[in-house]
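> Enclosed is the structure file query.txt (compact mmCIF, C-alpha atoms).
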```txt
# COMPACT_ATOMS: atom_id res chain seq x y z
CA ALA B 272 46.62 119.93 103.62
CA GLU B 273 49.84 121.23 102.08
CA LEU B 274 51.95 122.61 104.89
CA ASN B 275 54.83 124.30 103.08
CA VAL B 276 53.02 127.19 101.37
CA ASP B 277 49.63 127.11 103.09
CA PHE B 278 51.06 127.05 106.63
CA CYS B 279 54.83 127.61 106.92
CA ALA B 280 54.91 130.53 104.46
CA ALA B 281 52.04 132.30 106.22
CA ILE B 282 53.46 132.36 109.77
CA PRO B 283 56.44 134.74 109.31
CA LEU B 284 54.55 136.91 106.83
CA LEU B 285 51.67 137.44 109.26
CA THR B 286 54.12 138.00 112.13
CA ILE B 287 56.08 140.72 110.33
CA THR B 288 53.13 142.48 108.72
CA GLY B 289 51.24 142.29 112.01
CA SER B 290 54.15 143.93 113.82
CA PHE B 291 53.96 146.77 111.27
CA GLY B 292 50.27 147.28 111.98
CA ILE B 293 49.26 146.03 108.52
CA PRO B 294 45.78 144.44 108.59
CA VAL B 295 45.62 140.68 108.00
CA GLU B 296 43.61 141.16 104.81
CA GLN B 297 46.53 143.15 103.32
CA ALA B 298 49.23 140.63 104.22
CA LEU B 299 48.98 138.73 100.94
CA ASP B 300 49.19 142.03 99.04
CA VAL B 301 52.52 142.65 100.78
CA ARG B 302 53.73 139.14 99.97
CA GLU B 303 52.83 139.58 96.31
CA ALA B 304 54.68 142.90 96.19
CA ILE B 305 57.88 141.88 98.01
CA GLY B 306 59.82 141.93 94.74
CA ASN B 307 58.55 145.46 94.05
CA PRO B 308 59.64 147.79 96.90
CA LYS B 309 57.63 150.69 95.48
CA LYS B 310 54.37 148.74 95.87
CA VAL B 311 55.31 147.63 99.41
CA LEU B 312 55.98 151.24 100.39
CA GLU B 313 52.56 152.25 99.09
CA ILE B 314 51.21 150.11 101.94
CA ILE B 315 53.80 151.01 104.60
CA ALA B 316 54.17 154.77 104.01
CA PRO B 317 50.63 155.70 105.16
CA ILE B 318 51.17 153.63 108.33
CA VAL B 319 54.43 155.46 109.10
CA ALA B 320 52.70 158.82 108.58
CA ALA B 321 49.79 157.78 110.82
CA ARG B 322 52.13 156.58 113.59
CA ARG B 323 53.99 159.89 113.56
CA GLU B 324 50.65 161.52 114.30
CA LYS B 325 49.43 158.90 116.79
CA PRO B 326 51.77 156.05 117.89
CA GLN B 327 50.26 152.64 118.63
CA ASP B 328 51.48 149.29 119.97
CA ASP B 329 53.43 148.13 116.93
CA LEU B 330 56.96 148.08 115.54
CA ILE B 331 56.48 151.07 113.24
CA SER B 332 55.56 153.17 116.30
CA VAL B 333 58.73 151.97 118.05
CA LEU B 334 60.83 153.00 115.03
CA VAL B 335 59.07 156.36 114.72
CA GLU B 336 59.72 157.20 118.39
CA ALA B 337 63.25 155.75 118.62
CA GLU B 338 66.00 158.24 119.48
CA LEU B 339 69.55 157.60 118.31
CA LYS B 340 72.63 159.31 119.71
CA ASP B 341 75.13 160.69 117.19
CA GLU B 342 78.90 160.78 117.73
CA ASP B 343 78.64 164.37 118.98
CA GLY B 344 76.08 163.33 121.60
CA SER B 345 73.07 164.91 119.87
CA LEU B 346 69.87 162.90 119.47
CA HIS B 347 67.91 162.34 116.29
CA ARG B 348 65.00 160.24 115.16
CA LEU B 349 64.80 157.98 112.14
CA SER B 350 63.73 159.54 108.86
CA ASP B 351 60.95 158.03 106.77
CA PRO B 352 63.43 156.51 104.25
CA GLU B 353 65.36 154.89 107.11
CA ILE B 354 62.18 153.31 108.47
CA TYR B 355 61.16 152.20 104.97
CA SER B 356 64.52 150.50 104.36
CA PHE B 357 64.36 148.75 107.74
CA ALA B 358 60.84 147.47 107.01
CA LEU B 359 61.87 146.22 103.56
CA LEU B 360 64.89 144.46 105.09
CA LEU B 361 62.71 142.65 107.62
CA LEU B 362 60.24 141.55 104.95
CA ALA B 363 62.94 140.33 102.55
CA ALA B 364 65.16 138.61 105.11
CA GLY B 365 62.60 137.39 107.61
CA SER B 366 59.69 136.02 105.62
CA GLY B 367 61.42 133.48 103.37
CA THR B 368 64.03 132.10 105.76
CA THR B 369 61.71 131.26 108.66
CA TRP B 370 59.20 129.79 106.20
CA LYS B 371 61.84 127.47 104.70
CA GLN B 372 63.31 126.45 108.06
CA MET B 373 59.91 125.58 109.53
CA GLY B 374 59.24 123.45 106.46
CA ILE B 375 62.58 121.68 106.88
CA THR B 376 61.80 120.96 110.55
CA LEU B 377 58.33 119.59 109.78
CA THR B 378 59.66 117.50 106.88
CA ALA B 379 62.32 115.95 109.11
CA LEU B 380 59.72 115.08 111.78
CA LEU B 381 57.06 113.82 109.35
CA GLN B 382 59.63 111.56 107.68
CA ARG B 383 60.36 110.07 111.13
CA PRO B 384 56.93 109.29 112.63
CA GLU B 385 58.44 107.98 115.86
CA LEU B 386 60.13 111.36 116.44
CA LEU B 387 56.97 113.26 115.55
CA ALA B 388 55.04 111.16 118.07
CA ALA B 389 57.69 111.85 120.72
CA VAL B 390 57.55 115.60 120.06
CA ARG B 391 53.74 115.60 120.15
CA GLU B 392 53.82 113.77 123.51
CA ASP B 393 56.61 115.85 125.05
CA ARG B 394 56.52 119.46 123.86
CA SER B 395 59.85 120.22 125.52
CA LEU B 396 61.31 118.43 122.48
CA VAL B 397 60.00 121.05 120.05
CA LYS B 398 62.87 123.43 120.77
CA PRO B 399 65.67 120.82 120.35
CA ALA B 400 63.95 119.56 117.18
CA ILE B 401 64.14 123.07 115.73
CA GLU B 402 67.77 123.52 116.82
CA GLU B 403 68.69 120.18 115.26
CA SER B 404 66.98 121.09 112.00
CA LEU B 405 68.96 124.34 111.96
CA ARG B 406 72.19 122.37 112.28
CA TRP B 407 71.19 119.46 110.05
CA GLU B 408 69.71 121.43 107.12
CA ALA B 409 69.95 125.20 107.53
CA THR B 410 67.94 127.16 105.00
CA ASP B 411 70.98 129.36 104.31
CA PRO B 412 73.88 126.89 104.00
CA MET B 413 75.82 129.20 101.66
CA PHE B 414 76.88 132.83 102.00
CA SER B 415 78.96 135.03 99.72
CA ARG B 416 81.38 137.68 100.97
CA TRP B 417 83.69 140.20 99.30
CA VAL B 418 87.37 139.72 100.19
CA THR B 419 88.53 143.16 101.35
CA GLU B 420 92.30 142.48 101.40
CA ASP B 421 94.78 139.91 100.16
CA VAL B 422 94.91 136.94 102.50
CA ASP B 423 96.69 133.60 102.66
CA HIS B 424 94.47 131.04 104.34
CA PHE B 425 95.88 127.57 105.05
CA GLY B 426 98.16 127.75 102.03
CA VAL B 427 95.56 129.21 99.66
CA HIS B 428 96.02 132.75 98.37
CA ILE B 429 92.74 134.69 98.20
CA PRO B 430 93.21 138.03 96.41
CA LYS B 431 91.46 141.23 97.38
CA GLY B 432 88.24 141.77 95.43
CA SER B 433 87.42 138.08 95.19
CA VAL B 434 83.97 136.72 96.01
CA LEU B 435 84.23 134.00 98.64
CA HIS B 436 81.43 131.45 98.78
CA MET B 437 81.35 130.02 102.30
CA CYS B 438 79.49 126.80 102.98
CA LEU B 439 78.28 127.18 106.55
CA GLY B 440 76.29 123.98 106.07
CA ALA B 441 79.55 122.04 105.87
CA SER B 442 80.69 123.42 109.22
CA ASN B 443 77.41 122.21 110.74
CA HIS B 444 78.32 118.69 109.57
CA ASP B 445 81.90 118.76 110.86
CA PRO B 446 82.48 115.28 112.34
CA GLU B 447 85.06 116.72 114.75
CA ARG B 448 82.32 118.84 116.31
CA PHE B 449 79.16 116.77 115.80
CA GLU B 450 78.97 113.02 116.29
CA ARG B 451 77.07 111.31 113.45
CA PRO B 452 76.66 114.72 111.75
CA ASP B 453 74.41 113.54 108.90
CA GLU B 454 71.86 112.03 111.29
CA PHE B 455 68.83 114.05 112.41
CA ASP B 456 68.94 113.51 116.19
CA ILE B 457 66.81 115.80 118.35
CA ARG B 458 68.35 114.33 121.50
CA ARG B 459 72.00 115.07 120.70
CA ALA B 460 73.87 117.28 123.15
CA ALA B 461 73.25 120.94 122.35
CA ARG B 462 76.13 122.69 120.61
CA ALA B 463 76.09 125.99 118.76
CA SER B 464 75.99 125.80 114.98
CA HIS B 465 76.49 128.36 112.22
CA ALA B 466 72.84 128.23 111.09
CA PHE B 467 72.35 131.90 112.00
CA GLY B 468 75.88 132.97 111.08
CA GLY B 469 78.16 134.51 113.69
CA GLY B 470 80.08 137.57 114.80
CA PRO B 471 79.00 140.92 113.30
CA HIS B 472 76.93 139.10 110.65
CA ILE B 473 74.84 137.02 113.07
CA CYS B 474 71.15 136.97 112.15
CA LEU B 475 69.27 139.95 113.59
CA GLY B 476 65.97 138.07 113.70
CA MET B 477 67.10 134.69 115.04
CA HIS B 478 65.10 134.90 118.27
CA VAL B 479 61.93 135.92 116.43
CA ALA B 480 62.48 133.07 113.95
CA ARG B 481 62.81 130.54 116.75
CA ALA B 482 59.68 131.87 118.47
CA GLU B 483 57.69 131.72 115.23
CA MET B 484 58.71 128.12 114.59
CA GLN B 485 58.02 126.99 118.15
CA THR B 486 54.62 128.67 118.22
CA GLY B 487 53.66 127.43 114.76
CA ILE B 488 54.71 123.80 115.27
CA ASN B 489 53.06 123.60 118.69
CA ALA B 490 49.81 125.00 117.27
CA LEU B 491 49.94 122.53 114.40
CA LEU B 492 50.34 119.58 116.80
CA ASP B 493 47.52 120.93 118.97
CA ARG B 494 45.07 121.34 116.10
CA LEU B 495 45.77 118.39 113.76
CA PRO B 496 45.56 114.94 115.39
CA ASN B 497 47.35 111.98 113.79
CA LEU B 498 49.29 114.28 111.47
CA ARG B 499 51.24 112.29 108.85
CA LEU B 500 52.57 112.52 105.30
CA ASP B 501 50.00 111.80 102.60
CA PRO B 502 50.92 108.28 101.39
CA ASP B 503 49.30 108.94 98.00
CA ALA B 504 51.27 112.11 97.24
CA GLU B 505 54.87 112.73 96.21
CA PRO B 506 56.95 112.97 99.40
CA PRO B 507 58.71 116.27 100.18
CA ARG B 508 62.33 116.80 99.19
CA LEU B 509 64.87 119.35 100.44
CA ILE B 510 66.30 121.36 97.56
CA GLY B 511 68.41 124.46 96.93
CA PHE B 512 71.84 125.79 97.83
CA TYR B 513 70.72 129.31 98.72
CA GLU B 514 67.34 129.59 100.46
CA ARG B 515 67.25 125.81 100.88
CA GLY B 516 63.84 124.38 101.70
CA ALA B 517 61.25 121.68 101.20
CA THR B 518 59.12 121.06 98.18
CA ALA B 519 55.39 120.65 98.86
CA ILE B 520 54.62 118.96 102.20
CA PRO B 521 51.34 117.06 101.59
CA VAL B 522 49.77 115.71 104.80
CA VAL B 523 46.64 114.04 106.05
CA PHE B 524 45.32 114.03 109.60
CA GLY B 525 42.42 112.90 111.76
```
Could I get this structure in the form of structure tokens?


Amino acid sequence: AELNVDFCAAIPLLTITGSFGIPVEQALDVREAIGNPKKVLEIIAPIVAARREKPQDDLISVLVEAELKDEDGSLHRLSDPEIYSFALLLLAAGSGTTWKQMGITLTALLQRPELLAAVREDRSLVKPAIEESLRWEATDPMFSRWVTEDVDHFGVHIPKGSVLHMCLGASNHDPERFERPDEFDIRRAARASHAFGGGPHICLGMHVARAEMQTGINALLDRLPNLRLDPDAEPPRLIGFYERGATAIPVVFG
């Protein structure tokens, strides 16, 4: 099997489209159209209209029925364009990142068979393995931000209007915070990292992402005995500065 595209990419896509009430058979159509919002909305708009008529147990129904309080105390519901933009945001931000991070986690474990065996034997290690992969190789190690005012930071002048490229991945390898920071160690003492950002920019979907990875990796270990990298294929590599992830993850099992 090839885990990166055939498995890791499918989990978040099916989770998000399923929460919208999109049938499984249409999920790949959504994935193909992600770069074309108009095509995505051709699939989502009829669902929004149907849920306004008859809500069901899905996220679109929650958004349709949500009531927001304005500054004057009056209540209003989300418009169709507001729901569309929220759905497009979830698809764009949530499908690629969780896919890449799950691939990074599996690559790290498959490259260390003794750790993979330990995780398979003791499933309480799945969660710390994911948290360590987030620290060790976050899929979003770089972020760009506009500088809104002139600032002097540790002797460096940063003028208003600049674009600041922040390497959060470097903070996750700070030796003053993490002992042996370049080592992938699922048993290290838990400490918060910047993998999901922080403050007002912290990742909205971080809990869903963690749940998807835990569920997916546990299912993989349940279903595929003796899972290991394919010795006859090119081993996976971690590449990229933005949207960092694994190349193909070829495996054999059984």

> With distances taken over all atoms listed in the file, which of B:Pro430, B:Pro399, B:Gly511, B:Gly469 is nearest to Gln485 (chain B)?

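Looking only at the distances to Gln485 (chain B), the closest residue turns out to be B:Pro399.
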
> Near Gly432 (chain B), within 10 Å and counting all atoms listed in the file, which residues show up once chain neighbours fewer than 6 positions away are dropped, as a list in words?

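Near neighbours after the sequence-gap exclusion: Arg416, Trp417, Val418, Thr419, Glu420 and Asp421 of chain B.
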
> Compare B:Asn497, B:Gln297, B:Ser290, B:Asn489 by their minimum atom-to-atom distance to Ala388 (chain B), counting only C-alpha atoms, and give me the closest one.

B:Asn497

> Residues at most 10 Å from region 326-330 of chain B, counting all atoms listed in the file, excluding those fewer than 6 positions away in the same chain, as an MDAnalysis selection string?

chainID B and resid 287:293 318:320 336 358

> So that I can see what lies close to Ser442 (chain B), please list as a ChimeraX atom specification the residues with an atom at most 12 Å from it, counting all atoms listed in the file and leaving out residues fewer than 2 positions away in the same chain.

/B:406-409,412-413,437-440,444-449,452-453,463-466,468

> Looking at B:Ile282, B:Ala272, B:Leu405, B:Leu361, which one is nearest to Thr376 (chain B), with distances taken over all atoms listed in the file?

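Of all the options, B:Leu405 lies closest to Thr376 (chain B).
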
> Could you give me, as JSON, numbers by chain, the residues within 10 Å of Phe278 (chain B), counting all atoms listed in the file and dropping anything in the same chain fewer than 2 positions from it?

{"B": [272, 273, 274, 275, 276, 280, 281, 282, 283, 370, 373, 374, 487, 488, 491, 520]}

> Go through B:Ser404, B:Thr518, B:Gln372, B:Ser395 and flag the residue nearest Glu454 (chain B), using only C-alpha atoms for the distances.

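So, comparing all the options, the nearest one is B:Ser404.
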
> Would you compute the distance between CA of Phe512 (chain B) and CA of Thr410 (chain B)? Give it in Å to one decimal.

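For CA of Phe512 (chain B) relative to CA of Thr410 (chain B), the distance reads 8.3 Å.
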
> So which one's closest to Ala482 (chain B), B:Glu392, B:Ala316, B:Thr286, B:His436? Using only C-alpha atoms, please.

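Once distances to Ala482 (chain B) are computed over only C-alpha atoms, the minimum belongs to B:Thr286.
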
> Point out the residue among B:Val397, B:Cys279, B:Leu381, B:Ile429 with the least atom-to-atom distance to Pro502 (chain B), counting all atoms listed in the file.

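Looking only at the distances to Pro502 (chain B), the closest residue turns out to be B:Leu381.
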
> Quote the spacing between CA of Leu299 (chain B) and CA of Tyr513 (chain B) in Å to one decimal place.

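Distance between the two atoms: 23.8 Å.
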
> Quote the spacing between CA of Gly365 (chain B) and CA of Leu498 (chain B) in Å to one decimal place.

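One can read the CA of Gly365 (chain B) to CA of Leu498 (chain B) distance as 26.9 Å.
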
> Which residues, written as a tab-separated table (two decimals) with C-alpha atoms, in the frame of the given file, have at least one atom at most 12 Å from Ala337 (chain B), with all atoms listed in the file counted and residues fewer than 5 positions away on the same chain left out?


```tsv
chain	number	residue	atom	x	y	z
B	323	ARG	CA	53.99	159.89	113.56
B	326	PRO	CA	51.77	156.05	117.89
B	330	LEU	CA	56.96	148.08	115.54
B	331	ILE	CA	56.48	151.07	113.24
B	332	SER	CA	55.56	153.17	116.30
B	346	LEU	CA	69.87	162.90	119.47
B	347	HIS	CA	67.91	162.34	116.29
B	348	ARG	CA	65.00	160.24	115.16
B	349	LEU	CA	64.80	157.98	112.14
B	350	SER	CA	63.73	159.54	108.86
B	353	GLU	CA	65.36	154.89	107.11
B	354	ILE	CA	62.18	153.31	108.47
```

> Taking every listed atom of region 344-348 of chain B and adding 8 Å to each side, what centre and edge lengths in Å (one decimal) does the axis-aligned box have, as JSON?


```
{"center_x": 70.5, "center_y": 162.6, "center_z": 118.4, "size_x": 27.1, "size_y": 20.7, "size_z": 22.4}
```
